[in-house]
Protein chains: 2
Amino acid sequence: MSQHTPPDRQLHLNAFLAATGHHEASWRHPATRPERGLDIKYYQELTQTAERGLLDSVFLADGYAGKYGKLEPFTMLSALAVVTKHIGLIATVGTTYNEPFHVARKFASLDHISGGRAGWNIVTGAGSAAFNFGREAHPEHSVRYEYAEEFVEVVKQLWDSWEDDALVYDKANGVQIAQDKVHEIHFQGETYQVKGPLNIPRPPQGYPVLVQAGSSETGRELAAKTAEVIFTAQQTLGEARAFYRDVKSRLAKYGRSPQELQILPGLSPILADTESEARDIERELIELANPENSVRGLSNWLGFDLSPYPIDGPLPYADLPGEENINGHKARYTLMVELARRENLTIRQLTHRIAGARGHLTFTGTPLQLADLIEEWFLTGGSDGFNVMPQLYPTGLNTFVDKVIPELQNRGLFRTAYEGATLRDRLGLARPANTRHRPVLHS
Amino acid sequence: MSQHTPPDRQLHLNAFLAATGHHEASWRHPATRPERGLDIKYYQELTQTAERGLLDSVFLADGYAGKYGKLEPFTMLSALAVVTKHIGLIATVGTTYNEPFHVARKFASLDHISGGRAGWNIVTGAGSAAFNFGREAHPEHSVRYEYAEEFVEVVKQLWDSWEDDALVYDKANGVQIAQDKVHEIHFQGETYQVKGPLNIPRPPQGYPVLVQAGSSETGRELAAKTAEVIFTAQQTLGEARAFYRDVKSRLAKYGRSPQELQILPGLSPILADTESEARDIERELIELANPENSVRGLSNWLGFDLSPYPIDGPLPYADLPGEENINGHKARYTLMVELARRENLTIRQLTHRIAGARGHLTFTGTPLQLADLIEEWFLTGGSDGFNVMPQLYPTGLNTFVDKVIPELQNRGLFRTAYEGATLRDRLGLARPANTRHRPVLHS
């Protein structure tokens, strides 16, 4: 299917880092090293591999509850920044249980440390976090999105509180910082009141790249309004195209053009030199998964306890809560239910389908076959690239970089060298002008 | 004065990092490079220099307000951790405007990334921060210390929420984390309610080293109860000895021995091969300072506007507020007022005396003379070492490492190689046992 005609758009690829891979049983596979899960050198190696493959960025998911035992994103990405030169570094940071001042500052610092390679995946967080921050309950979905919008607005104003030329370093005249170019913001919102200025100069990128990962109605609208990259889960090219059209069409009303938002569905491969070897790995991983844990995991996604139902029977469609009653990951709920319905899956079969990447598109096959899939989605309006989620780390990433990337380059689909200096440059995004003169009106 | 008899205690030296040095006019001096103030490579170089000198640790001050344009400590220290192997990394983090969960997690992450080299300088923060976090006012000094005590207690319990052997990685039996060794803490305090567990395993050091920098009555007591290192400002050996005796004597009532708390006064040198060269640098720096800014800075420390008073007249002692009315840095207030009174200084002369290090002990002379001072304070009950604050970076640190350290080593006062793996090892501090079975009683 490859026509080998270079497209006028740039394909974007992000590596979604995870200790042993995205498959829920990856840590048990002989190819993985779970005991390196807290070893910063391990993540430095992964990130250097991704940079060798000229990927746009690496990305870390995050949350504020649960027994998962991971490094914290800012400390981790900073340690990755200083052993790489080009690759972007995207951290997930939730708005519900954070302070805009701290978040603005840490991202500005990471952007300075990395020379303009930071990105912020803006999430509103999961319910169980509430109890770690003295709250009685997790705010409702739409309320969290309202908080999030205001939070992002404060953060942008804090980044803008230093004019780009505020640092003077004029030894002769004794002026280090031009005081009249550093501004209090006096933000008075519904939820946040922040005087400013920030205590670190404007990030090299103006703002770190803003990423959004919600695909619900609210998530799409917020993305169209403020995001520059959207991570999304899409199971079929048809659905992906519909999503792509829908989200891109929402940009105009915010005065934005389609290329100002890059849409990157998750893509979770198992790669081997032959399709049958790849299938063997897939089978191995399914055998290593614990069915009871898998049903528990699926129950969490669906907000509904499936353990009383026969694992080899269908989903209890009539009893499920419905997307409107899901407080968080609404789009993922619907994706999983629709996947089971469309393919007529039992509960067990559905757990197998989502074991690789929690509902993201999975792929099992050869590097050439994966390049075909990437090409088709990219050239036919399914995506601007992919959020690559190897089911096994580090092997899956190594194979992707060593065998899929060269194939994409041969087809004229992917860069053969980094251009520009910042993550914005890589993604074709403009550096935002400093908007500090914008009138601030909040009720 | 050197007897060259090796003492039975270990001398401890920390480098207090600052972009261009601790003198308020350092950034204007020809030897400094203020334009490298946001360049992580610069701080990596400084830290590698400190590690070459076998120093115990480097340290960063911090705050949440003001136009000072610095990198954020966690992102910065993580980037320093991965280019060093032995040296400790101490971050200042305030309790008043943070969440215990976030702080516990970031320190745990830094401790994992650095292989057990993290330290936490616990401060309660400055007043101007309140308005960056939606607060109407900065809480009063004693209230902040109450919050801080509870905050530290929550953080310790979160660090202890993972038993030391909770990570199992048993691929054969499918057990990655021993679920019964990761505990909710259900902390219910006056100010904080935190369910836990933390989402990262216990730090390699158990707890990062706990540092305290307040020398007021409240600060001394908190230090005696919980701190393992105390940074303090002492102007004379007599005062330092009195402080040392007082703080060490408070430990017993908390069941602690004197060596469980290391007392490190600030020491801010200007070094040169001859005393007269060093005096020249001192004079240069004073000439580069802006008297108006200096009086403003002094006014901030004293919580009292000195600008209406003649700069060449005495401090207006009768009008000053008194330590009891200072909300923050109480001990420093008294130190500065007493310094002026004892030496009969004009306002201008006092600004010169504190220009080097904001009230910390300053020194101008040769490496040999500085080694004499260090030896005297260390051997006669003035300190357990020093928090070294070069008035000029990087030159002051280079000279300290290249000329003062070898002299201290020759005298048998300082290590000639790093021993042990962690900052605790370096400071002779035990790794705290996991106290998760301790009953938690809060009203």
# chains A, B, ... in the order shown; residues from 1 in each chain; ligands from 1
call {"tool": "interface_residues", "arguments": {"of": "chain B", "to": "chain A", "cutoff": "6 Å", "atoms": "only C-alpha atoms", "output": "list in words"}}
result
Arg28, Ile40, Gly66, Lys67, Tyr68, Gly69, Lys70, Leu71, Glu72, Thr75, Ser78, Ala79, Ser109, Ile113, Phe131, Asn132, Phe133, Gly134, Lys171, Gln193, Val194, Lys195, Gly196, Asn199, Ile200 and Pro201 of chain B
call {"tool": "write_last_selection", "arguments": {"atoms": "C-alpha atoms", "output": "PDB file, in the first residue's frame"}}
result
ATOM      1  CA  ARG B  28      28.563  42.206  39.226  1.00  0.00           C
ATOM      2  CA  ILE B  40      22.107  23.361  34.605  1.00  0.00           C
ATOM      3  CA  GLY B  66      10.015  37.155  44.743  1.00  0.00           C
ATOM      4  CA  LYS B  67      11.692  38.038  41.479  1.00  0.00           C
ATOM      5  CA  TYR B  68      14.846  36.030  41.749  1.00  0.00           C
ATOM      6  CA  GLY B  69      14.885  33.802  38.692  1.00  0.00           C
ATOM      7  CA  LYS B  70      16.270  30.474  39.890  1.00  0.00           C
ATOM      8  CA  LEU B  71      15.829  26.840  38.913  1.00  0.00           C
ATOM      9  CA  GLU B  72      13.474  24.808  41.104  1.00  0.00           C
ATOM     10  CA  THR B  75      14.385  19.401  39.044  1.00  0.00           C
ATOM     11  CA  SER B  78      17.867  15.424  40.163  1.00  0.00           C
ATOM     12  CA  ALA B  79      19.972  16.751  37.291  1.00  0.00           C
ATOM     13  CA  SER B 109      12.097   9.843  44.157  1.00  0.00           C
ATOM     14  CA  ILE B 113      17.495   8.543  41.750  1.00  0.00           C
ATOM     15  CA  PHE B 131      -0.469  35.453  48.123  1.00  0.00           C
ATOM     16  CA  ASN B 132       0.794  32.980  45.538  1.00  0.00           C
ATOM     17  CA  PHE B 133      -1.337  30.240  47.088  1.00  0.00           C
ATOM     18  CA  GLY B 134      -4.671  31.951  47.605  1.00  0.00           C
ATOM     19  CA  LYS B 171       8.128 -13.605  38.246  1.00  0.00           C
ATOM     20  CA  GLN B 193      -5.555  14.026  56.659  1.00  0.00           C
ATOM     21  CA  VAL B 194      -3.717  11.550  54.477  1.00  0.00           C
ATOM     22  CA  LYS B 195      -4.785   8.004  53.726  1.00  0.00           C
ATOM     23  CA  GLY B 196      -1.678   6.684  51.992  1.00  0.00           C
ATOM     24  CA  ASN B 199       3.081   5.614  45.555  1.00  0.00           C
ATOM     25  CA  ILE B 200       6.820   4.995  45.644  1.00  0.00           C
ATOM     26  CA  PRO B 201       8.791   2.530  47.787  1.00  0.00           C
TER      27      PRO B 201
END
call {"tool": "select_by_dssp", "arguments": {"residues": "segment 64-99 of chain A", "states": "alpha helix (DSSP H)", "output": "list in words"}}
result
Pro73, Phe74, Thr75, Met76, Leu77, Ser78, Ala79, Leu80 and Ala81 of chain A
call {"tool": "residues_around", "arguments": {"residues": "segment 90-92 of chain A", "least_positions_apart": "6", "cutoff": "9 Å", "atoms": "only C-alpha atoms", "output": "PyMOL selection string"}}
result
chain A and resi 57-63+73-74+77+107+117-123+208-209+211
call {"tool": "residues_around", "arguments": {"residues": "Gly382 of chain A", "least_positions_apart": "3", "cutoff": "12 Å", "atoms": "only C-alpha atoms", "output": "JSON, numbers by chain"}}
result
{"A": [11, 232, 233, 234, 235, 236, 237, 238, 239, 240, 241, 242, 243, 244, 245, 246, 247, 248, 262, 263, 264, 265, 266, 373, 374, 375, 376, 377, 378, 379, 385, 386]}
